[in-house]
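Novice: What follows is a single structure, and I will ask about it in a moment.
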Amino acid sequence: MAILDSRRVSRAGRWVDVRHRRLGMWAYALNRITGIGLVVYLYLHLCILSLLTRGQSAWDSFVSLARSPFYLALDVILLAGILIHGLNGLRIALTGCGIGAGAQKAIFTMLMIVSAIALAVAALKIFHI
Amino acid sequence: MIENPFTEEPKPTSAWLWQVFTGVGLVILLGLHFIANHFVAKGGLRDFAEVVAYLRNPVILCLEVLFLLCVTTHALLGVRAILLDFGLSEQTERRLDRVLKVVGALTVVYGLAVTFMVIR
Amino acid sequence: MPKVPLQIFRYKAGEPSRYDTCTVDIPDSAHVIDAIDAAWAVHDPSLTFRRACHHSSCGSCAIRINGVEKLPCVTKLSDVWDGRTPLRLDPLRNFPVVSDLVVDISSFFQRMSAADMAITCEAEAFLPFTVDSFAVAALERKAVELPEDFSRFNRFEQCIECGICMSACPTMAADDRFLGPAGLAAIYQARHKTDDPKKVEHLLGLADGEHGVWRCHSAFECTEACPQAVDPAGKIMALRRELIARRFSKMWGK
């Protein structure tokens, strides 16, 4: 029987298309995107830490650069990713162990509100340092 | 008669449980790391002398090493979950697991090496 | 009667897939399946689709309407058509397309069968009752006596095996070996219908692998899409809770 079957890569990327999908799917896509971003950041961060092995002047020059408004803005984006991924991750951990699965949408909404508030407070602190 | 591939009992897996365990650990450890290095530290970042003093504290050192282990495990389990979506064969999945274990080990060794080079 | 424009996915073996557009004269109080029937009857009798009961109990007609999984037999046109944009009709996702709106669901039934939830032709020959005996009992106002081993033939109550959950699931898109929301819900149901410890071990063992409960990414799309309130996601999470509890018990030597 001849059949039509999608290519592997397009099937692997299907989670990106959240059109017509509901809150749980949006949460899943958001978790993946922030997760990928954080993995990239992790390895960048580890590479930058090698400057510590080059002595005081190498590290302190980087610190001066990292205090510029552009880098502080990147820090706010990083923190957004951490809050979204971390708090949504707690929801996945809870519901995934069979606790509160029926209230998963409410839990997600509440945690994202908490993230937004925490991010706003942190952003104010970051730009006032 | 077509064989039913879904009747075979698979090997139990703990990957998701480790993902959750390290994830919960990271909420605490990453939270502490972020606060200590960006909100407690004067000016939001530690200069070289401050980093050395920070890491020479034995409690801090243990927490940071634990943090490194958790974040590496969690990150690479996440990468594994995404790569499993590419419809890999059983053999490729096993190879992927071995590669990620090596990457994880190298990451941790690198992190420990940088830490101990800084504090000696 | 409004003229309803349809954009229907078409595929025949050996040809590239495409979308055909046509317009059908149909009252908007009708259901989407009536529009598909009209497209077949009036415009193209080569259009292939499945339908049977017209009241969401057989699950045959499941498709995607404007990208969302639904049963067209109980979906009113007025609920999904905005009055001008063509209504897009696609087959279910994550199953190979045989022709037009028909997909190959044999792997779906393999999953159900693995959970011992499918009634096969062999089982039907030995059913200890017939539809007629129910009708006769109702006419004579008598209670129907079910045989003691009736549960052997009982399906799980709400699932109509439409495949909608499997189409909505993002993990089903990526993993052909995933048991899927329906398969895992069936395992849950079968596990709770038996006291036989060997059978329970086997069923939980099926669910405990890389392509079982642990492959679910908690998108909850299956529960949202299910037309029969089976709540497959809830059942997957309940299975996980039981498996975690068993692992902890084993760790503590209980």
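Chain identifiers are assigned as A, B, and so on, following the order in which chains appear in the structure tokens; residues are numbered from 1 within each chain, and ligands are numbered from 1 in order of appearance.
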Could you please select, counting only C-alpha atoms, the residues of chain C within 7 Å of chain A and state them as a PyMOL selection string?

Specialist: chain C and resi 13+67-68+96-98+170+173-174+218-221+234+237-238+240-241

Novice: Using only C-alpha atoms, find the residues of chain A whose closest atom to chain B is at most 10 Å away, then write them as an MDAnalysis selection string.

Specialist: chainID A and resid 7:15 32 35:36 38:40 42:43 46:47 49:64 66:67 72 75 79 82:83 85:87 89:90 92:94 96:97 122 125:129

Novice: Taking only C-alpha atoms into account, find every residue of chain B that has an atom no more than 6 Å from chain C, and write it out as a PyMOL selection string.

Specialist: chain B and resi 4+6-7+9-13+85+87

Novice: Once you have the residues from the selection above, write them out as a PDB file, in the first residue's frame, restricted to N, CA and C atoms.

Specialist:
ATOM      1  N   ASN B   4       3.548  -7.606  16.432  1.00  0.00           N
ATOM      2  CA  ASN B   4       3.195  -6.361  17.107  1.00  0.00           C
ATOM      3  C   ASN B   4       4.412  -5.855  17.878  1.00  0.00           C
ATOM      4  N   PHE B   6       4.761  -3.466  19.830  1.00  0.00           N
ATOM      5  CA  PHE B   6       4.492  -2.786  21.092  1.00  0.00           C
ATOM      6  C   PHE B   6       4.285  -3.746  22.263  1.00  0.00           C
ATOM      7  N   THR B   7       4.337  -5.047  22.001  1.00  0.00           N
ATOM      8  CA  THR B   7       4.087  -6.009  23.082  1.00  0.00           C
ATOM      9  C   THR B   7       5.354  -6.359  23.862  1.00  0.00           C
ATOM     10  N   GLU B   9       8.254  -5.935  26.351  1.00  0.00           N
ATOM     11  CA  GLU B   9       8.519  -5.091  27.522  1.00  0.00           C
ATOM     12  C   GLU B   9       9.881  -4.429  27.384  1.00  0.00           C
ATOM     13  N   PRO B  10       9.941  -3.099  27.414  1.00  0.00           N
ATOM     14  CA  PRO B  10      11.226  -2.422  27.221  1.00  0.00           C
ATOM     15  C   PRO B  10      12.051  -2.388  28.511  1.00  0.00           C
ATOM     16  N   LYS B  11      13.273  -1.919  28.369  1.00  0.00           N
ATOM     17  CA  LYS B  11      14.118  -1.738  29.560  1.00  0.00           C
ATOM     18  C   LYS B  11      13.628  -0.481  30.287  1.00  0.00           C
ATOM     19  N   PRO B  12      13.440  -0.530  31.608  1.00  0.00           N
ATOM     20  CA  PRO B  12      12.991   0.688  32.308  1.00  0.00           C
ATOM     21  C   PRO B  12      14.039   1.797  32.184  1.00  0.00           C
ATOM     22  N   THR B  13      13.573   3.028  32.125  1.00  0.00           N
ATOM     23  CA  THR B  13      14.500   4.144  31.978  1.00  0.00           C
ATOM     24  C   THR B  13      14.340   5.120  33.132  1.00  0.00           C
ATOM     25  N   ASP B  85      13.998  12.978  19.276  1.00  0.00           N
ATOM     26  CA  ASP B  85      12.865  13.269  18.399  1.00  0.00           C
ATOM     27  C   ASP B  85      13.183  13.082  16.927  1.00  0.00           C
ATOM     28  N   GLY B  87      13.881  10.402  15.475  1.00  0.00           N
ATOM     29  CA  GLY B  87      13.564   9.050  15.016  1.00  0.00           C
ATOM     30  C   GLY B  87      14.796   8.186  14.852  1.00  0.00           C
TER      31      GLY B  87
END

Novice: Using only C-alpha atoms, find the one residue out of C:Cys53, C:Cys73, C:Cys58, C:Val136 that sits nearest to Ala35 in chain C.

Specialist: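 Nearest candidate to Ala35 in chain C out of C:Cys53, C:Cys73, C:Cys58, C:Val136: C:Cys73.
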
Novice: List the neighbours of Thr23 in chain C out to 7 Å using only C-alpha atoms; skip same-chain residues closer than 4 positions along the sequence, and give me the result as a ChimeraX atom specification.

Specialist: /C:3-6

Novice: Go ahead and save the residues from that selection, with C-alpha atoms, as a JSON list (two decimals), in the first residue's frame.

Specialist:
[["chain", "number", "residue", "atom", "x", "y", "z"],
["C", 3, "LYS", "CA", -22.07, 28.26, -0.34],
["C", 4, "VAL", "CA", -19.30, 26.84, 1.86],
["C", 5, "PRO", "CA", -15.82, 26.83, 0.29],
["C", 6, "LEU", "CA", -13.71, 23.80, 1.20]]

Novice: When DSSP is applied to the backbone of this structure, which of chain A are assigned helix (DSSP H, G or I)? Write them out as a PyMOL selection string.

Specialist: chain A and resi 8-12+14-16+23-54+56-66+69-96+101-128

Novice: Determine which residues of range 23-226 of chain C receive a DSSP assignment of strand (DSSP E or B), computed from the backbone, and state them as a list in words.

Specialist: Thr23, Val24, Asp25, His31, Ile63, Arg64, Ile65, Val68, Glu69, Lys70, Lys76, Leu87, Arg88, Leu89, Asp90, Val97, Val98, Ser99, Val102, Val103 and Gly209 of chain C

Novice: Calculate how many Å separate CA of Val65 in chain B from CA of Gly81 in chain A, rounding to one decimal.

Specialist: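 Atom-to-atom, CA of Val65 in chain B to CA of Gly81 in chain A, that is 22.5 Å.
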
Novice: Nearest to Pro5 in chain B among C:Ile8, C:Ser106, C:Asp231, C:Val200, with distances taken over only C-alpha atoms: which residue is it?

Specialist: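 Among the listed residues, C:Ser106 lies closest to Pro5 in chain B.
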
Novice: Extract, using only C-alpha atoms, all DNA, RNA and protein residues at most 9 Å from range 58-64 of chain B, discarding same-chain residues fewer than 2 positions from it, and format them as a compact mmCIF listing (two decimals) with N, CA and C atoms, in the first residue's frame.

Specialist:
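Here's the written file result-v8.txt:
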# COMPACT_ATOMS: atom_id res chain seq x y z
N LEU B 29 20.14 25.59 43.47
CA LEU B 29 21.57 25.89 43.28
C LEU B 29 21.79 27.06 42.32
N LEU B 32 20.83 30.23 44.08
CA LEU B 32 21.90 30.67 44.99
C LEU B 32 23.07 31.28 44.21
N HIS B 33 23.47 30.59 43.10
CA HIS B 33 24.60 31.03 42.27
C HIS B 33 24.34 32.41 41.69
N TYR B 54 35.87 34.10 46.93
CA TYR B 54 34.54 33.43 46.91
C TYR B 54 34.72 31.91 46.79
N LEU B 55 35.55 31.49 45.83
CA LEU B 55 35.70 30.05 45.58
C LEU B 55 36.56 29.36 46.64
N ARG B 56 37.34 30.15 47.40
CA ARG B 56 38.19 29.51 48.43
C ARG B 56 37.39 29.14 49.66
N LEU B 66 28.65 21.06 43.02
CA LEU B 66 27.34 20.39 42.92
C LEU B 66 26.51 21.02 41.80
N PHE B 67 26.56 22.35 41.74
CA PHE B 67 25.87 23.10 40.71
C PHE B 67 26.36 22.68 39.32
N LEU B 68 27.69 22.58 39.17
CA LEU B 68 28.28 22.18 37.89
C LEU B 68 27.79 20.79 37.48
N LEU B 69 27.76 19.86 38.43
CA LEU B 69 27.30 18.49 38.13
C LEU B 69 25.83 18.50 37.71
N THR B 115 38.30 25.77 38.08
CA THR B 115 38.10 26.13 39.49
C THR B 115 39.38 25.94 40.30

Novice: Please indicate the distance in Å from CA of Trp81 in chain C to CA of Lys12 in chain C, rounded to one decimal place.

Specialist: 26.9 Å
